[in-house]
Structures are given as C-alpha cells and as structure tokens.
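What follows is final09.tsv (TSV, C-alpha atoms).
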chain	number	residue	atom	x	y	z
N	1	MET	CA	-1.33	-30.26	-11.10
N	2	ALA	CA	-0.42	-26.68	-12.00
N	3	PRO	CA	-1.84	-23.89	-9.82
N	4	SER	CA	-4.68	-21.74	-11.06
N	5	ARG	CA	-3.68	-18.67	-13.00
N	6	ILE	CA	-4.23	-15.28	-11.38
N	7	ASP	CA	-4.89	-12.14	-13.38
N	8	TYR	CA	-4.81	-8.82	-11.57
N	9	ASP	CA	-6.35	-6.84	-14.43
N	10	VAL	CA	-9.93	-7.27	-13.20
N	11	SER	CA	-12.92	-5.23	-14.28
N	12	TRP	CA	-14.99	-5.35	-11.08
N	13	ASP	CA	-15.34	-1.84	-9.67
N	14	VAL	CA	-16.57	-0.30	-6.45
N	15	ASN	CA	-18.46	2.96	-6.69
N	16	HIS	CA	-17.78	4.71	-3.43
N	17	SER	CA	-18.53	8.31	-2.56
N	18	GLU	CA	-15.16	8.82	-0.85
N	19	THR	CA	-13.08	7.96	-3.89
N	20	THR	CA	-12.53	9.33	-7.32
N	21	HIS	CA	-13.44	7.04	-10.20
N	22	SER	CA	-9.88	7.05	-11.49
N	23	HIS	CA	-7.77	4.02	-10.59
N	24	ALA	CA	-4.59	6.10	-10.53
N	25	ILE	CA	-2.96	6.01	-7.11
N	26	PRO	CA	-2.95	9.44	-5.42
N	27	ARG	CA	0.52	10.72	-4.74
N	28	LYS	CA	1.70	13.03	-2.00
N	29	GLY	CA	0.08	16.45	-1.93
N	30	GLU	CA	-3.12	15.37	-3.65
N	31	GLY	CA	-5.17	14.95	-0.45
N	32	LYS	CA	-8.09	17.11	0.54
N	33	LEU	CA	-7.69	17.39	4.33
N	34	HIS	CA	-5.88	20.32	5.89
N	35	LEU	CA	-4.43	19.50	9.30
N	36	ALA	CA	-2.06	21.34	11.58
N	37	LYS	CA	1.62	20.52	11.09
N	38	ASN	CA	2.55	17.07	12.42
N	39	GLU	CA	-0.97	16.42	13.71
N	40	PHE	CA	-1.77	12.71	13.49
N	41	ARG	CA	-5.57	12.78	13.52
N	42	PRO	CA	-7.07	9.63	12.00
N	43	LEU	CA	-9.82	9.83	9.40
N	44	VAL	CA	-11.17	6.50	10.61
N	45	PRO	CA	-8.45	4.38	12.23
N	46	HIS	CA	-6.99	2.14	9.53
N	47	ALA	CA	-9.94	2.73	7.15
N	48	TRP	CA	-8.71	5.46	4.84
N	49	VAL	CA	-8.63	6.22	1.13
N	50	GLY	CA	-5.38	7.43	-0.42
N	51	ASN	CA	-6.76	10.62	-1.96
N	52	GLN	CA	-7.65	11.87	1.53
N	53	ILE	CA	-4.07	11.83	2.84
N	54	GLU	CA	-1.76	14.84	2.91
N	55	GLU	CA	1.99	14.85	3.42
N	56	LYS	CA	1.75	16.68	6.74
N	57	GLN	CA	-0.27	13.79	8.18
N	58	TYR	CA	2.55	11.25	7.90
N	59	LEU	CA	5.85	13.06	7.28
N	60	ILE	CA	8.29	14.13	10.01
N	61	VAL	CA	11.03	16.32	8.55
N	62	LEU	CA	14.04	16.62	10.84
N	63	THR	CA	15.33	20.07	11.64
N	64	ASP	CA	19.09	20.59	11.37
N	65	GLU	CA	19.35	20.50	15.16
N	66	GLU	CA	17.34	17.26	15.39
N	67	ARG	CA	19.58	15.66	12.80
N	68	ARG	CA	22.71	16.79	14.67
N	69	GLU	CA	21.18	15.53	17.92
N	70	ALA	CA	20.72	12.08	16.38
N	71	GLU	CA	24.26	12.11	14.99
N	72	ARG	CA	25.70	13.04	18.40
N	73	ALA	CA	23.77	10.20	20.06
N	74	ALA	CA	25.04	7.76	17.43
N	75	LYS	CA	28.67	8.80	17.81
N	76	LYS	CA	28.43	8.54	21.60
N	77	PHE	CA	26.95	5.04	21.38
N	78	ILE	CA	29.58	3.91	18.88
N	79	ALA	CA	32.30	5.18	21.26
N	80	SER	CA	30.84	2.96	24.00
N	81	GLU	CA	31.69	-0.11	21.87
N	82	LYS	CA	28.43	-1.77	22.92
N	83	PRO	CA	26.53	-4.00	20.48
N	84	ALA	CA	23.69	-2.38	18.55
N	85	GLY	CA	21.16	-4.71	20.19
N	86	LEU	CA	21.59	-2.72	23.41
N	87	ILE	CA	20.37	0.53	21.82
N	88	THR	CA	17.38	1.94	23.69
N	89	PRO	CA	16.00	5.45	24.17
N	90	THR	CA	18.06	5.57	27.37
N	91	SER	CA	21.34	4.72	25.63
N	92	PHE	CA	20.41	6.81	22.58
N	93	PRO	CA	19.02	10.03	24.12
N	94	LEU	CA	17.07	12.37	21.83
N	95	PRO	CA	15.62	15.06	24.12
N	96	THR	CA	14.18	17.10	21.24
N	97	LEU	CA	13.44	14.54	18.54
N	98	GLY	CA	12.47	11.67	20.85
N	99	PRO	CA	9.10	13.12	21.92
N	100	ARG	CA	8.18	13.74	18.26
N	101	LEU	CA	8.91	10.11	17.41
N	102	GLU	CA	6.96	8.82	20.41
N	103	SER	CA	4.00	11.01	19.42
N	104	ALA	CA	4.15	9.76	15.83
N	105	LYS	CA	4.22	6.18	17.11
N	106	LEU	CA	0.58	6.57	18.20
N	107	GLY	CA	-0.33	6.95	14.54
N	108	LEU	CA	0.70	3.35	13.91
N	109	SER	CA	-2.06	1.96	16.13
N	110	GLN	CA	-4.56	4.81	16.33
N	111	GLY	CA	-4.10	6.79	13.13
N	112	LEU	CA	-3.14	6.14	9.53
N	113	GLY	CA	-0.91	3.20	10.41
N	114	PHE	CA	2.33	4.62	8.97
N	115	PHE	CA	4.71	7.56	9.06
N	116	VAL	CA	8.03	8.60	7.51
N	117	VAL	CA	11.04	10.31	9.08
N	118	ARG	CA	13.00	12.42	6.60
N	119	GLY	CA	16.29	14.25	6.93
N	120	LEU	CA	19.17	11.81	7.46
N	121	THR	CA	22.09	11.88	5.01
N	122	PRO	CA	23.28	8.25	4.69
N	123	ASP	CA	25.85	9.00	1.98
N	124	LYS	CA	27.77	11.08	4.55
N	125	TYR	CA	27.92	8.30	7.15
N	126	ASP	CA	29.99	5.13	7.28
N	127	ASN	CA	28.31	1.74	7.54
N	128	GLN	CA	28.33	1.55	11.33
N	129	MET	CA	26.97	5.07	11.68
N	130	ASN	CA	24.07	4.28	9.35
N	131	ILE	CA	23.15	1.18	11.34
N	132	VAL	CA	23.36	2.89	14.72
N	133	LEU	CA	21.31	5.88	13.54
N	134	TYR	CA	18.68	3.55	12.09
N	135	VAL	CA	18.44	1.38	15.19
N	136	GLY	CA	18.60	4.42	17.48
N	137	LEU	CA	15.71	6.30	15.90
N	138	SER	CA	13.62	3.16	15.59
N	139	SER	CA	14.19	2.35	19.28
N	140	TYR	CA	11.70	5.14	20.07
N	141	ILE	CA	9.10	3.05	18.28
N	142	SER	CA	10.20	-0.30	19.73
N	143	THR	CA	13.28	-2.10	21.00
N	144	VAL	CA	11.77	-5.52	20.24
N	145	ARG	CA	13.20	-6.64	16.90
N	146	ALA	CA	12.41	-9.76	14.87
N	147	VAL	CA	14.89	-12.29	13.56
N	148	GLN	CA	14.08	-12.29	9.85
N	149	TYR	CA	14.79	-15.96	9.22
N	150	SER	CA	15.84	-18.87	11.38
N	151	GLY	CA	19.31	-18.24	12.77
N	152	GLY	CA	19.61	-15.00	10.85
N	153	PRO	CA	19.99	-11.32	11.68
N	154	VAL	CA	17.44	-8.76	12.81
N	155	LEU	CA	18.66	-6.36	10.12
N	156	THR	CA	18.72	-7.32	6.46
N	157	HIS	CA	19.54	-5.52	3.22
N	158	VAL	CA	17.13	-5.19	0.33
N	159	VAL	CA	19.21	-4.37	-2.74
N	160	ASP	CA	18.39	-4.05	-6.43
N	161	LEU	CA	19.73	-7.06	-8.33
N	162	SER	CA	18.09	-6.27	-11.66
N	163	SER	CA	21.20	-5.10	-13.52
N	164	ALA	CA	22.62	-7.26	-16.30
N	165	GLU	CA	25.73	-7.86	-14.18
N	166	ASP	CA	23.69	-9.11	-11.22
N	167	GLN	CA	21.45	-11.25	-13.41
N	168	MET	CA	24.56	-12.92	-14.87
N	169	LYS	CA	26.08	-13.41	-11.42
N	170	HIS	CA	22.96	-15.14	-10.10
N	171	GLN	CA	22.02	-16.94	-13.29
N	172	GLY	CA	19.96	-20.07	-12.65
N	173	LYS	CA	18.77	-18.84	-9.26
N	174	TRP	CA	15.53	-17.16	-8.26
N	175	ILE	CA	15.90	-13.52	-7.19
N	176	GLY	CA	13.25	-12.36	-4.71
N	177	SER	CA	10.69	-9.84	-5.91
N	178	GLY	CA	11.94	-7.21	-3.48
N	179	ASN	CA	15.37	-7.45	-5.09
N	180	GLN	CA	14.07	-6.75	-8.59
N	181	ASN	CA	13.01	-3.46	-10.17
N	182	THR	CA	9.62	-4.65	-11.36
N	183	HIS	CA	6.26	-3.74	-9.84
N	184	LEU	CA	5.81	-5.35	-6.39
N	185	PRO	CA	2.16	-6.33	-5.74
N	186	PHE	CA	0.46	-5.58	-2.44
N	187	HIS	CA	1.23	-7.97	0.40
N	188	THR	CA	1.98	-8.26	4.11
N	189	ASP	CA	5.06	-9.70	5.81
N	190	ASN	CA	5.48	-11.80	8.94
N	191	GLY	CA	5.99	-9.06	11.51
N	192	HIS	CA	4.22	-6.31	13.45
N	193	ILE	CA	5.89	-3.08	12.32
N	194	LEU	CA	7.81	-2.92	9.06
N	195	CYS	CA	10.74	-0.48	9.32
N	196	LEU	CA	12.75	0.50	6.21
N	197	TYR	CA	15.70	2.90	5.89
N	198	SER	CA	16.60	4.09	2.40
N	199	ILE	CA	20.38	4.17	1.93
N	200	HIS	CA	20.02	4.81	-1.82
N	201	SER	CA	16.76	5.61	-3.57
N	202	VAL	CA	16.13	5.63	-7.32
N	203	LEU	CA	15.75	8.46	-9.82
N	204	HIS	CA	12.69	7.15	-11.63
N	205	GLY	CA	9.70	5.38	-10.04
N	206	GLY	CA	9.87	3.08	-7.04
N	207	TYR	CA	7.15	4.89	-5.08
N	208	SER	CA	6.01	3.11	-1.91
N	209	ARG	CA	2.36	2.06	-1.99
N	210	LEU	CA	0.14	1.49	1.05
N	211	ALA	CA	-3.49	0.47	1.41
N	212	SER	CA	-5.79	0.16	4.42
N	213	SER	CA	-6.82	-3.44	5.12
N	214	GLN	CA	-9.84	-2.19	7.06
N	215	LYS	CA	-11.05	-0.11	4.13
N	216	ILE	CA	-10.73	-3.09	1.80
N	217	ILE	CA	-12.62	-5.41	4.15
N	218	ASP	CA	-15.34	-2.82	4.88
N	219	THR	CA	-15.90	-2.52	1.13
N	220	LEU	CA	-16.08	-6.29	0.71
N	221	ARG	CA	-18.63	-6.52	3.50
N	222	GLU	CA	-20.81	-4.07	1.61
N	223	LYS	CA	-20.25	-5.25	-1.96
N	224	ARG	CA	-19.03	-8.87	-1.78
N	225	PRO	CA	-19.80	-10.46	1.62
N	226	ASP	CA	-19.33	-13.90	0.04
N	227	LEU	CA	-15.61	-13.16	-0.32
N	228	ILE	CA	-15.34	-12.34	3.38
N	229	ASP	CA	-16.30	-15.95	4.06
N	230	VAL	CA	-13.76	-17.22	1.52
N	231	LEU	CA	-10.92	-15.18	3.01
N	232	SER	CA	-11.80	-16.31	6.55
N	233	ARG	CA	-11.47	-20.01	5.72
N	234	ASP	CA	-8.20	-21.97	5.76
N	235	TRP	CA	-6.04	-21.69	2.62
N	236	GLU	CA	-3.03	-23.84	1.80
N	237	TRP	CA	0.12	-21.71	1.98
N	238	ASP	CA	3.15	-23.08	0.17
N	239	THR	CA	6.14	-23.33	2.53
N	240	PHE	CA	8.48	-24.12	-0.41
N	241	ASN	CA	9.97	-26.73	1.89
N	242	THR	CA	10.69	-29.84	-0.19
N	243	ASP	CA	10.79	-31.94	2.99
N	244	LYS	CA	7.18	-31.01	3.72
N	245	PRO	CA	4.78	-32.36	1.05
N	246	VAL	CA	1.82	-30.23	2.17
N	247	GLY	CA	1.48	-26.52	2.85
N	248	ASP	CA	0.42	-24.69	5.99
N	249	GLN	CA	-3.31	-24.22	6.57
N	250	ARG	CA	-4.46	-20.76	7.68
N	251	PRO	CA	-6.86	-18.01	6.61
N	252	LEU	CA	-6.04	-14.69	5.00
N	253	LEU	CA	-8.53	-12.72	7.10
N	254	TYR	CA	-8.77	-12.56	10.89
N	255	GLU	CA	-10.90	-10.46	13.20
N	256	GLN	CA	-9.49	-10.10	16.69
N	257	ASP	CA	-10.86	-7.82	19.42
N	258	GLY	CA	-12.70	-5.66	16.89
N	259	ARG	CA	-9.67	-5.24	14.62
N	260	THR	CA	-9.20	-6.63	11.15
N	261	ILE	CA	-5.93	-8.36	10.25
N	262	LEU	CA	-5.36	-9.28	6.61
N	263	SER	CA	-2.38	-11.62	6.14
N	264	TYR	CA	-1.75	-11.86	2.43
N	265	SER	CA	1.20	-12.64	0.19
N	266	ARG	CA	0.97	-13.61	-3.46
N	267	ARG	CA	3.91	-16.01	-3.74
N	268	PRO	CA	2.90	-18.76	-1.24
N	269	LEU	CA	-0.71	-18.66	-2.44
N	270	ILE	CA	-0.47	-18.50	-6.22
N	271	GLY	CA	3.25	-18.65	-6.97
N	272	LEU	CA	5.15	-16.38	-9.34
N	273	PRO	CA	5.97	-16.88	-13.02
N	274	ASP	CA	9.63	-17.43	-12.15
N	275	TYR	CA	8.94	-19.33	-8.91
N	276	PRO	CA	5.70	-21.32	-9.21
N	277	ARG	CA	3.65	-22.84	-6.44
N	278	ARG	CA	4.57	-26.50	-5.94
N	279	ALA	CA	2.61	-28.81	-8.20
N	280	ALA	CA	1.91	-31.25	-5.34
N	281	LEU	CA	-0.31	-28.69	-3.61
N	282	GLU	CA	-3.98	-28.35	-4.44
N	283	PRO	CA	-4.63	-25.54	-6.96
N	284	LEU	CA	-6.73	-22.61	-5.85
N	285	THR	CA	-10.42	-22.71	-6.60
N	286	ASP	CA	-12.02	-20.19	-8.93
N	287	ILE	CA	-13.56	-18.30	-6.00
N	288	GLN	CA	-10.18	-18.11	-4.25
N	289	VAL	CA	-8.59	-16.68	-7.39
N	290	GLU	CA	-11.44	-14.17	-7.61
N	291	ALA	CA	-10.87	-13.20	-3.97
N	292	LEU	CA	-7.17	-12.54	-4.62
N	293	ASN	CA	-7.99	-10.56	-7.76
N	294	THR	CA	-10.45	-8.46	-5.80
N	295	LEU	CA	-8.04	-7.80	-2.92
N	296	GLU	CA	-5.39	-6.54	-5.32
N	297	HIS	CA	-7.90	-4.45	-7.24
N	298	LEU	CA	-9.30	-2.77	-4.12
N	299	ALA	CA	-5.82	-2.18	-2.70
N	300	ASN	CA	-4.92	-0.34	-5.92
N	301	GLN	CA	-8.17	1.61	-5.90
N	302	PHE	CA	-7.79	2.86	-2.32
N	303	ALA	CA	-3.99	3.08	-2.17
N	304	PHE	CA	-1.67	5.94	-1.35
N	305	ALA	CA	1.74	6.25	-3.05
N	306	PHE	CA	4.62	8.43	-1.94
N	307	GLU	CA	8.24	8.97	-2.86
N	308	PHE	CA	10.66	7.02	-0.66
N	309	ARG	CA	13.74	9.25	-0.74
N	310	THR	CA	17.34	8.61	0.23
N	311	GLY	CA	17.60	9.06	4.00
N	312	ASP	CA	13.92	8.33	4.71
N	313	ILE	CA	12.90	5.87	7.43
N	314	GLN	CA	9.46	4.38	6.89
N	315	PHE	CA	7.38	2.79	9.68
N	316	VAL	CA	4.34	0.71	8.65
N	317	ASN	CA	1.84	-1.22	10.76
N	318	ASN	CA	2.05	-4.53	8.91
N	319	LEU	CA	-1.05	-5.83	10.73
N	320	ALA	CA	-3.23	-2.97	9.47
N	321	LEU	CA	-1.88	-2.06	6.03
N	322	LEU	CA	-0.89	-3.79	2.82
N	323	HIS	CA	2.26	-2.51	1.15
N	324	GLY	CA	3.79	-2.70	-2.30
N	325	ARG	CA	6.08	-0.76	-4.64
N	326	GLU	CA	6.00	0.74	-8.09
N	327	ALA	CA	8.45	-0.42	-10.74
N	328	PHE	CA	11.61	1.68	-11.03
N	329	ARG	CA	14.58	2.33	-13.26
N	330	CYS	CA	18.11	1.73	-12.01
N	331	ARG	CA	20.45	4.61	-11.37
N	332	GLU	CA	22.86	5.29	-14.19
N	333	VAL	CA	25.64	6.21	-11.75
N	334	VAL	CA	28.19	3.41	-11.43
N	335	GLY	CA	28.50	1.99	-7.93
N	336	THR	CA	25.03	2.93	-6.68
N	337	ARG	CA	21.83	0.94	-6.57
N	338	ARG	CA	18.56	0.96	-4.69
N	339	HIS	CA	19.49	-0.16	-1.20
N	340	LEU	CA	17.26	-0.41	1.87
N	341	LEU	CA	17.89	-1.59	5.42
N	342	ARG	CA	14.98	-3.56	6.87
N	343	MET	CA	13.83	-4.51	10.36
N	344	PHE	CA	10.58	-5.76	11.85
N	345	LEU	CA	9.63	-4.29	15.22
N	346	LYS	CA	7.03	-5.25	17.79
N	347	ASP	CA	5.06	-2.67	19.73
N	348	GLY	CA	5.23	-3.88	23.31
N	349	ASP	CA	3.18	-0.97	24.68
N	350	ASP	CA	0.14	-1.20	22.39
N	351	ASP	CA	0.46	-4.69	21.03
N	352	TYR	CA	-2.16	-6.10	18.67
N	353	PRO	CA	-3.70	-9.25	20.14
N	354	LEU	CA	-3.06	-11.94	17.55
N	355	PRO	CA	-5.08	-15.04	16.64
N	356	ASN	CA	-3.31	-18.27	17.50
N	357	LYS	CA	-2.25	-19.15	13.96
N	358	LEU	CA	-0.47	-15.81	13.51
N	359	GLN	CA	0.83	-15.71	17.06
N	360	SER	CA	2.79	-18.94	16.58
N	361	ILE	CA	4.49	-17.49	13.48
N	362	MET	CA	5.31	-14.17	15.14
N	363	GLN	CA	6.54	-15.63	18.42
N	364	GLU	CA	9.32	-17.54	16.71
N	365	LEU	CA	10.58	-14.32	15.12
N	366	TYR	CA	10.61	-12.17	18.25
N	367	ASP	CA	11.52	-14.73	20.92
N	368	HIS	CA	15.28	-14.27	21.35
N	369	ASP	CA	17.80	-12.45	23.53
N	370	VAL	CA	19.11	-9.05	22.46
N	371	GLU	CA	22.65	-10.33	22.93
N	372	GLU	CA	22.00	-12.71	20.01
N	373	GLU	CA	20.91	-9.98	17.60
N	374	MET	CA	23.05	-9.46	14.52
N	375	PHE	CA	23.24	-6.23	12.50
N	376	PRO	CA	25.43	-7.10	9.51
N	377	TRP	CA	26.57	-4.61	6.92
N	378	SER	CA	26.54	-6.93	3.97
N	379	LEU	CA	24.92	-6.69	0.58
N	380	ALA	CA	24.72	-10.47	0.39
N	381	PRO	CA	21.15	-11.01	-0.76
N	382	LEU	CA	20.67	-14.39	0.90
N	383	PRO	CA	18.13	-15.74	1.68
N	384	TYR	CA	16.44	-13.70	-1.07
N	385	VAL	CA	18.41	-15.36	-3.87
N	386	LEU	CA	17.41	-19.00	-3.94
N	387	SER	CA	18.13	-22.00	-6.09
N	388	PRO	CA	14.97	-22.96	-7.98
Take the structure I supplied and represent it as structure tokens, if you would.
Amino acid sequence: MAPSRIDYDVSWDVNHSETTHSHAIPRKGEGKLHLAKNEFRPLVPHAWVGNQIEEKQYLIVLTDEERREAERAAKKFIASEKPAGLITPTSFPLPTLGPRLESAKLGLSQGLGFFVVRGLTPDKYDNQMNIVLYVGLSSYISTVRAVQYSGGPVLTHVVDLSSAEDQMKHQGKWIGSGNQNTHLPFHTDNGHILCLYSIHSVLHGGYSRLASSQKIIDTLREKRPDLIDVLSRDWEWDTFNTDKPVGDQRPLLYEQDGRTILSYSRRPLIGLPDYPRRAALEPLTDIQVEALNTLEHLANQFAFAFEFRTGDIQFVNNLALLHGREAFRCREVVGTRRHLLRMFLKDGDDDYPLPNKLQSIMQELYDHDVEEEMFPWSLAPLPYVLSP
C-alpha cells in the first residue's frame, strides 16, 4: 500500500502576538532586541521566534589575532603528527579565543540553542589544515564526536551533487537531500550538537533555517493539544533496511526532565518523491499527516534564516532546534561547489537526559574510542548516494 501523501502548503495559521502575520522567514538584522556585543541572553530558553533574533546574539566574528591564534595552534598540532582524534583544548590552546567559545557554548543549552563562528579562510588552507582547525575550534564545545554511520568516520562531507555532470555520474541512484540544491525541509538528525564548517558557500540562496522546537510545541499545546497526543505516540519509522520487514516504533515528541525533544525527519516517516517509504509499512493516518503538515508550517512561521558563509562554523543543539535549508543556485565558477564538513558532538558537561528510545540510538553513535576516529578528506558522497 502506498504511503499517504503529505502536502506542506497548509492553510492553518496561528495568530500570536509575538510574531508578524507574514510567513516570510526573518533574516539576519531584522530582529527587535538590542543586546550588548556577544551577550548570549535567552529570550525564553529554546522558545524563540525568528523575528526577535539579532546577529549579535549568535555570531562570533574572529579578530585577526584570534584567527592567527587558531592557525598557530593548528600548525603546531599538525607538526606533532598526532591523529586528529586527540585534539582537545589542551593540545589545541586558544588563550584568547577559547574563553569566547566556552562562553558561547552555554547558549546551546541555556540560550538560543545555536551560534556561528565567522572568520576562517578555508580557501587559503590545505585539506589537513582545514580539518585540524575545524576539530580544534569545535573541541572547545566538545571532544565527544559521533560516528556518523556504522563503521564510518566522525567527519563527513556534504557536497552539492546537483550539477548535470554529477547527475549523469550517479544516474540510477538516489542522491540524499542534503547533497541536492533544492529546498531542505525542517528536520532533526541523530546526534546532540550538529557542527558544520562551510568550505565553499553559494552565491545565491542556501540560507540556513532554524526553528525552536519548544516554541512549536508550546503553540500546539495552546492551539492544537490533540496533536501533542498524536506526536507523543509511537510512529513507524522506515529503516530502509530490506532485511527488516517492519520499521522502528518510536514517538516524535518526548518530554524529559522538563525539556521538550522533538525528533522529526520527513524521509523515514513519509518518504520522498524520489525515495518513497516502503510499501510494506503501514501508511500514515490522516491525523498523522496533519501533524506533520502542522509541524512544518509552524517551523516556517517561527523560523530564523541566516547566511551561511564560506569559513563559518555553525553549532546547533539538535535536541532543541529543527534545522533546514533554502534552495540555492550552484556557483558558476568551474571547480567549486557547495561543500560542508559535518560532525555531531555530545556535550558531556551539560548533557541532555534522553528518553530510552533515543538514548539507544545515540549511544551507538558516540560509544567508541578516539583512536578509532576517522577524519577523511574525501568528497565521496557515500553513504548519501544510494541505489534505489
């Protein structure tokens, strides 16, 4: 039986005094709060509306000296010939920049739930230098890194494969949504802190989009409490494992120790036009489809969008925020494409307690020795290019 169709162009609206009535996503600089430089003061922890956010609340711009300090630390570590998995704040000393990063880290659990470091120049570094700088700066947020798939590396590459040449090369295979230039709907990943480093950005579009899970759920409690119940029940998640005839059973919404965790991804729940949900699984009910429609609609209504520039490193609390991306146009310059490095970190100091069903998923990703960690410099898109 074919899965139910999902349509994200819904008409249901939420009239809320904190938002404008336009559904356009506020971009940087359109917020209304005026805070001191680099002050991470939460509006309401993890319950914000995009048009209330200003650039100074989430952006750390490196000074020239801070950038040079990071470059010196990277060169010294490279000279030691140690593996990148051994990078820590001790082996990657940043006496000036380090305290700023550690202060910003608090914003992941107590503030907006994200921040961006700006000022690196990846086009001036070789591959190893880019990796060491990325891992070094992120070590001030956490040194606990997730393996991104079984037996795989802790660092993967997200590259644009939407060109005619790439489409021809991978003809007959499914290319993951993150590796295409189309709009990427809101979702969460399996990890605690999403960490992205932009090696090459794009000239047109591609803005990062974030939305507060807590704000979405608070609104549902007020306007549609029936959907809270739907989201809290078990759903069948497609594993896309042909050896397993049934999907995994778990909810989308969890409440743990007074915190809301929304675990949501479109593909395993509804499928995609070019990679459908397996026909053997039960189709979603009408109320489940309505719940997904409403989640996407509210995420768009409350979202914040900002330009993810070349050299930016983005840190996002994946347990508190949904993330997505605008569509973009490829660069016209031959030999360049949108290219991100990706890691998932775990905050060992202020860890979110996780419900059992999420804990079992996360534990498998983070439970390994640092000596086993791999940091490949390879544009090979696997496992994001799959045979259908």
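Proximity to N:Phe344 was assessed for N:Pro153, N:Gly172, N:Gly107, N:Gly191 counting all atoms listed in the file; the smallest distance is recorded for N:Gly191.
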One number please: atom CA of N:Glu290 to atom CA of N:Arg266, in Å, one decimal. 13.1 Å
Nearest to N:Ile313, restricted to only C-alpha atoms and choosing among N:Thr143, N:Ser232, N:Ser208, N:Thr239, comes out as N:Ser208
Smallest atom-to-atom distance to N:Arg68: which of N:Leu101, N:Leu133, N:Gln359, N:Lys346, using all atoms listed in the file?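 Nearest to N:Arg68: N:Leu133.
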In terms of the shortest atom-to-atom distance over all atoms listed in the file, which of N:Arg259, N:Arg250, N:Lys169, N:His157 is closest to N:Arg342?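 Of N:Arg259, N:Arg250, N:Lys169, N:His157, the one nearest N:Arg342, counting all atoms listed in the file, is N:His157.
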Closest of N:Asp243, N:Val316, N:His187, N:Ile141 to N:Leu269 - atom-to-atom distances counting only C-alpha atoms: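 Among the listed residues, N:His187 lies closest to N:Leu269.
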For the atom pair atom CA of N:Ala146 and atom CA of N:Leu365, what is the interatomic distance in Å to one decimal place?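 The value is 4.9 Å.
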Counting all atoms listed in the file, which of N:Leu298, N:Tyr125, N:Asp367, N:Leu386 gets nearest to N:Gln171? N:Leu386
Could you give me, as an NGL selection string, the residues that sit within 8 Å of (-2.9, -7.1, -1.4) in the file's coordinates, counting all atoms listed in the file? :N and (185-188 or 264-266 or 292 or 295-296 or 299 or 322-323)
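For the pair atom CA of N:Arg209 and atom CA of N:Phe315, the separation is 12.7 Å.
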Got a moment to write stretch 62-77 of chain N out with N, CA and C atoms, as a short mmCIF file (atom, residue, chain, number, x, y, z; two decimals), in the first residue's frame?
data_model
loop_
_atom_site.label_atom_id
_atom_site.label_comp_id
_atom_site.auth_asym_id
_atom_site.auth_seq_id
_atom_site.Cartn_x
_atom_site.Cartn_y
_atom_site.Cartn_z
N LEU N 62 35.68 36.40 14.44
CA LEU N 62 37.06 36.33 14.90
C LEU N 62 37.81 37.62 14.57
N THR N 63 38.61 38.08 15.51
CA THR N 63 39.54 39.16 15.21
C THR N 63 40.71 38.56 14.43
N ASP N 64 41.52 39.42 13.83
CA ASP N 64 42.68 38.91 13.10
C ASP N 64 43.60 38.12 14.02
N GLU N 65 43.77 38.61 15.25
CA GLU N 65 44.66 37.91 16.19
C GLU N 65 44.08 36.57 16.60
N GLU N 66 42.75 36.49 16.79
CA GLU N 66 42.14 35.21 17.14
C GLU N 66 42.27 34.21 16.01
N ARG N 67 42.12 34.68 14.78
CA ARG N 67 42.30 33.79 13.63
C ARG N 67 43.74 33.29 13.56
N ARG N 68 44.70 34.18 13.75
CA ARG N 68 46.11 33.78 13.73
C ARG N 68 46.42 32.83 14.88
N GLU N 69 45.81 33.06 16.03
CA GLU N 69 46.00 32.18 17.18
C GLU N 69 45.53 30.77 16.85
N ALA N 70 44.38 30.64 16.20
CA ALA N 70 43.86 29.34 15.80
C ALA N 70 44.77 28.69 14.77
N GLU N 71 45.25 29.47 13.83
CA GLU N 71 46.15 28.93 12.79
C GLU N 71 47.46 28.44 13.40
N ARG N 72 48.00 29.17 14.38
CA ARG N 72 49.23 28.73 15.05
C ARG N 72 49.01 27.42 15.79
N ALA N 73 47.87 27.31 16.47
CA ALA N 73 47.56 26.07 17.20
C ALA N 73 47.43 24.90 16.24
N ALA N 74 46.82 25.14 15.08
CA ALA N 74 46.65 24.07 14.09
C ALA N 74 48.00 23.62 13.54
N LYS N 75 48.85 24.56 13.20
CA LYS N 75 50.16 24.21 12.65
C LYS N 75 51.00 23.43 13.67
N LYS N 76 50.91 23.84 14.93
CA LYS N 76 51.66 23.15 15.98
C LYS N 76 51.15 21.72 16.15
N PHE N 77 49.83 21.55 16.09
CA PHE N 77 49.29 20.19 16.25
C PHE N 77 49.67 19.33 15.05
#
